[in-house]
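Note sheet for the following structure.
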Amino acid sequence: MRQPIPDHAGDPVTYSRFWTGPNMLTVLRLLLVPVFAVLLLSDGGVSTRLWAAAVFVVAAGTDVIDGAWARRSGRVTTFGKVADPIADKALTGVALVILSYLGELPWWVTVVILVREFGVTALRFWVIRHGVIPASRGGKAKTLAQNFAIVLFVLPIDIVWLRLVVMSIAVILTVATGLDYVVRAFRLRSEGRRNG
């Protein structure tokens, strides 16, 4: 007698490690990058700039939330580890490049920041078999300064001195923390070789 074909419609739903709250926030940040880019590039006046700034703030805010949420809830995933820094650099990079393209930010500032960001990412992969370089307080302060400076440049306000002061602080922190990462990467790699 033939066995009946089982009906799996009533089976319990299995939990997917991808579909986590923190991962969805990271995906949201990635999706907001082109929205932000379109708003910033469009010549829609004050209201468009306000919307662009709002989208940037929301996207940057998800960066603060998703990592902490993933660690506290034990939902750290491979996707999150890879996508989170990509989303961060995409948001910051697009903002800086467009602002420079529009002639509102010197290109050298954009180049310095992007070289540091991608350089640190390369360093992390270079030493990954010896250990992980954790984010430092200086690195977090750098991110905060960069985001604040970008928002000031995006907003339709005419406070040039404040923009310059905050962006100068961001560039100084960017270079200083970049050098710190280089020192820590070489130290970690040398310690890994000795222990290996």
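Going by the structure tokens order, chains are called A, B, ..., each with residues numbered from 1, while ligands are numbered from 1 in the order shown.
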
### Task
Tell me which protein, DNA and RNA residues are within 9 Å of stretch 59-64 of chain A, counting only C-alpha atoms, leaving out same-chain ones fewer than 6 positions away, and put them as number ranges by chain.
A: 22, 25-26, 28-30, 32-33, 84, 87-88, 91-92, 147

Write the selection just made, keeping N, CA and C atoms, as a PDB file, in the first residue's frame?
ATOM      1  N   PRO A  22      18.491  43.100  13.661  1.00  0.00           N
ATOM      2  CA  PRO A  22      19.707  43.858  13.339  1.00  0.00           C
ATOM      3  C   PRO A  22      20.068  43.792  11.852  1.00  0.00           C
ATOM      4  N   LEU A  25      17.889  46.098   9.834  1.00  0.00           N
ATOM      5  CA  LEU A  25      18.303  47.493   9.963  1.00  0.00           C
ATOM      6  C   LEU A  25      19.488  47.790   9.045  1.00  0.00           C
ATOM      7  N   THR A  26      20.411  46.835   8.943  1.00  0.00           N
ATOM      8  CA  THR A  26      21.558  47.001   8.050  1.00  0.00           C
ATOM      9  C   THR A  26      21.105  47.080   6.595  1.00  0.00           C
ATOM     10  N   LEU A  28      18.159  48.035   5.614  1.00  0.00           N
ATOM     11  CA  LEU A  28      17.467  49.322   5.478  1.00  0.00           C
ATOM     12  C   LEU A  28      18.480  50.437   5.213  1.00  0.00           C
ATOM     13  N   ARG A  29      19.617  50.397   5.928  1.00  0.00           N
ATOM     14  CA  ARG A  29      20.640  51.420   5.722  1.00  0.00           C
ATOM     15  C   ARG A  29      21.168  51.381   4.292  1.00  0.00           C
ATOM     16  N   LEU A  30      21.401  50.188   3.779  1.00  0.00           N
ATOM     17  CA  LEU A  30      21.863  50.040   2.395  1.00  0.00           C
ATOM     18  C   LEU A  30      20.832  50.583   1.406  1.00  0.00           C
ATOM     19  N   LEU A  32      18.648  52.899   1.968  1.00  0.00           N
ATOM     20  CA  LEU A  32      18.499  54.347   2.118  1.00  0.00           C
ATOM     21  C   LEU A  32      19.618  55.119   1.417  1.00  0.00           C
ATOM     22  N   VAL A  33      20.735  54.451   1.128  1.00  0.00           N
ATOM     23  CA  VAL A  33      21.862  55.136   0.476  1.00  0.00           C
ATOM     24  C   VAL A  33      21.461  55.738  -0.878  1.00  0.00           C
ATOM     25  N   ASP A  84      27.449  45.241   7.581  1.00  0.00           N
ATOM     26  CA  ASP A  84      27.413  46.443   8.416  1.00  0.00           C
ATOM     27  C   ASP A  84      28.493  47.453   8.022  1.00  0.00           C
ATOM     28  N   ALA A  87      27.743  48.920   4.554  1.00  0.00           N
ATOM     29  CA  ALA A  87      26.667  49.913   4.587  1.00  0.00           C
ATOM     30  C   ALA A  87      27.176  51.235   5.147  1.00  0.00           C
ATOM     31  N   ASP A  88      28.005  51.180   6.186  1.00  0.00           N
ATOM     32  CA  ASP A  88      28.562  52.403   6.782  1.00  0.00           C
ATOM     33  C   ASP A  88      29.376  53.183   5.761  1.00  0.00           C
ATOM     34  N   LEU A  91      27.293  54.705   2.879  1.00  0.00           N
ATOM     35  CA  LEU A  91      26.572  55.920   3.270  1.00  0.00           C
ATOM     36  C   LEU A  91      27.518  57.111   3.359  1.00  0.00           C
ATOM     37  N   THR A  92      28.616  56.938   4.086  1.00  0.00           N
ATOM     38  CA  THR A  92      29.585  58.029   4.245  1.00  0.00           C
ATOM     39  C   THR A  92      30.230  58.386   2.916  1.00  0.00           C
ATOM     40  N   ASN A 147      29.690  62.033  10.784  1.00  0.00           N
ATOM     41  CA  ASN A 147      28.241  62.105  10.528  1.00  0.00           C
ATOM     42  C   ASN A 147      27.686  63.493  10.828  1.00  0.00           C
TER      43      ASN A 147
END

### Task
Could you give me the residues within stretch 56-185 of chain A that DSSP places in helix (DSSP H, G or I), as a ChimeraX atom specification?
/A:56-73,78-101,107-126,137-154,160-185

Let me see the file: selected residues, C-alpha atoms, as an mmCIF file, in the first residue's frame.
data_model
loop_
_atom_site.group_PDB
_atom_site.id
_atom_site.type_symbol
_atom_site.label_atom_id
_atom_site.label_comp_id
_atom_site.auth_asym_id
_atom_site.auth_seq_id
_atom_site.Cartn_x
_atom_site.Cartn_y
_atom_site.Cartn_z
ATOM 1 C CA PHE A 56 21.013 60.488 6.376
ATOM 2 C CA VAL A 57 20.265 60.841 10.104
ATOM 3 C CA VAL A 58 17.889 57.836 10.030
ATOM 4 C CA ALA A 59 20.416 55.734 8.095
ATOM 5 C CA ALA A 60 23.288 56.706 10.405
ATOM 6 C CA GLY A 61 21.042 56.006 13.391
ATOM 7 C CA THR A 62 20.501 52.407 12.288
ATOM 8 C CA ASP A 63 24.285 51.946 12.495
ATOM 9 C CA VAL A 64 24.183 52.810 16.192
ATOM 10 C CA ILE A 65 21.290 50.443 16.862
ATOM 11 C CA ASP A 66 21.970 47.319 14.780
ATOM 12 C CA GLY A 67 25.372 46.389 16.214
ATOM 13 C CA ALA A 68 24.349 46.861 19.849
ATOM 14 C CA TRP A 69 21.078 44.993 19.229
ATOM 15 C CA ALA A 70 22.878 42.069 17.596
ATOM 16 C CA ARG A 71 25.380 41.719 20.458
ATOM 17 C CA ARG A 72 22.803 42.014 23.245
ATOM 18 C CA SER A 73 20.366 39.573 21.659
ATOM 19 C CA THR A 78 28.155 36.494 9.253
ATOM 20 C CA PHE A 79 25.976 38.652 7.017
ATOM 21 C CA GLY A 80 25.852 41.363 9.665
ATOM 22 C CA LYS A 81 29.625 41.356 10.159
ATOM 23 C CA VAL A 82 30.201 41.807 6.429
ATOM 24 C CA ALA A 83 27.252 44.025 5.468
ATOM 25 C CA ASP A 84 27.413 46.443 8.416
ATOM 26 C CA PRO A 85 30.796 48.041 7.544
ATOM 27 C CA ILE A 86 29.881 48.006 3.836
ATOM 28 C CA ALA A 87 26.667 49.913 4.587
ATOM 29 C CA ASP A 88 28.562 52.403 6.782
ATOM 30 C CA LYS A 89 31.177 53.127 4.140
ATOM 31 C CA ALA A 90 28.573 53.298 1.373
ATOM 32 C CA LEU A 91 26.572 55.920 3.270
ATOM 33 C CA THR A 92 29.585 58.029 4.245
ATOM 34 C CA GLY A 93 31.320 57.595 0.891
ATOM 35 C CA VAL A 94 28.284 58.552 -1.187
ATOM 36 C CA ALA A 95 27.669 61.628 0.975
ATOM 37 C CA LEU A 96 31.249 62.859 0.735
ATOM 38 C CA VAL A 97 31.624 62.178 -2.998
ATOM 39 C CA ILE A 98 28.371 63.957 -3.859
ATOM 40 C CA LEU A 99 29.190 66.943 -1.644
ATOM 41 C CA SER A 100 32.577 67.237 -3.365
ATOM 42 C CA TYR A 101 30.967 66.785 -6.789
ATOM 43 C CA TRP A 107 37.950 66.806 -2.798
ATOM 44 C CA TRP A 108 41.046 66.325 -0.620
ATOM 45 C CA VAL A 109 38.813 65.917 2.448
ATOM 46 C CA THR A 110 36.820 63.203 0.704
ATOM 47 C CA VAL A 111 39.986 61.425 -0.467
ATOM 48 C CA VAL A 112 41.612 61.500 2.990
ATOM 49 C CA ILE A 113 38.517 60.081 4.693
ATOM 50 C CA LEU A 114 37.846 57.391 2.075
ATOM 51 C CA VAL A 115 41.496 56.266 1.939
ATOM 52 C CA ARG A 116 41.448 55.893 5.719
ATOM 53 C CA GLU A 117 38.143 54.007 5.751
ATOM 54 C CA PHE A 118 39.071 51.516 3.043
ATOM 55 C CA GLY A 119 42.623 51.244 4.396
ATOM 56 C CA VAL A 120 41.369 50.215 7.834
ATOM 57 C CA THR A 121 39.043 47.661 6.245
ATOM 58 C CA ALA A 122 41.995 46.200 4.328
ATOM 59 C CA LEU A 123 44.049 46.091 7.547
ATOM 60 C CA ARG A 124 41.281 44.171 9.324
ATOM 61 C CA PHE A 125 41.289 41.515 6.608
ATOM 62 C CA TRP A 126 45.107 41.455 6.640
ATOM 63 C CA ARG A 137 36.612 55.030 21.414
ATOM 64 C CA GLY A 138 38.507 57.250 19.017
ATOM 65 C CA GLY A 139 36.982 55.356 16.105
ATOM 66 C CA LYS A 140 33.491 55.876 17.480
ATOM 67 C CA ALA A 141 34.202 59.577 18.067
ATOM 68 C CA LYS A 142 35.494 59.789 14.480
ATOM 69 C CA THR A 143 32.278 58.285 13.123
ATOM 70 C CA LEU A 144 30.158 60.663 15.194
ATOM 71 C CA ALA A 145 32.192 63.685 14.033
ATOM 72 C CA GLN A 146 32.012 62.601 10.385
ATOM 73 C CA ASN A 147 28.241 62.105 10.528
ATOM 74 C CA PHE A 148 27.672 65.423 12.301
ATOM 75 C CA ALA A 149 29.863 67.237 9.778
ATOM 76 C CA ILE A 150 28.068 65.636 6.830
ATOM 77 C CA VAL A 151 24.659 66.618 8.232
ATOM 78 C CA LEU A 152 25.882 70.219 8.625
ATOM 79 C CA PHE A 153 27.007 70.263 4.976
ATOM 80 C CA VAL A 154 23.737 68.714 3.770
ATOM 81 C CA VAL A 160 30.245 78.139 7.306
ATOM 82 C CA TRP A 161 32.486 78.392 10.377
ATOM 83 C CA LEU A 162 30.617 75.606 12.203
ATOM 84 C CA ARG A 163 30.829 73.320 9.176
ATOM 85 C CA LEU A 164 34.561 73.932 8.856
ATOM 86 C CA VAL A 165 35.254 73.413 12.570
ATOM 87 C CA VAL A 166 33.321 70.133 12.792
ATOM 88 C CA MET A 167 34.747 68.781 9.516
ATOM 89 C CA SER A 168 38.274 69.722 10.656
ATOM 90 C CA ILE A 169 37.736 67.762 13.872
ATOM 91 C CA ALA A 170 36.410 64.834 11.813
ATOM 92 C CA VAL A 171 39.473 64.868 9.523
ATOM 93 C CA ILE A 172 41.898 65.051 12.478
ATOM 94 C CA LEU A 173 40.154 62.135 14.216
ATOM 95 C CA THR A 174 40.055 60.226 10.923
ATOM 96 C CA VAL A 175 43.819 60.501 10.414
ATOM 97 C CA ALA A 176 44.708 59.911 14.094
ATOM 98 C CA THR A 177 42.534 56.807 14.464
ATOM 99 C CA GLY A 178 43.770 55.532 11.107
ATOM 100 C CA LEU A 179 47.385 55.684 12.331
ATOM 101 C CA ASP A 180 46.302 53.992 15.580
ATOM 102 C CA TYR A 181 44.734 51.131 13.582
ATOM 103 C CA VAL A 182 47.969 50.703 11.602
ATOM 104 C CA VAL A 183 50.002 50.394 14.818
ATOM 105 C CA ARG A 184 47.519 47.949 16.356
ATOM 106 C CA ALA A 185 47.352 45.868 13.173
#

### Query
Between atom CA of A:Phe36 and atom CA of A:Thr48, what is the distance, to one decimal in Å?
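The value is 10.0 Å.
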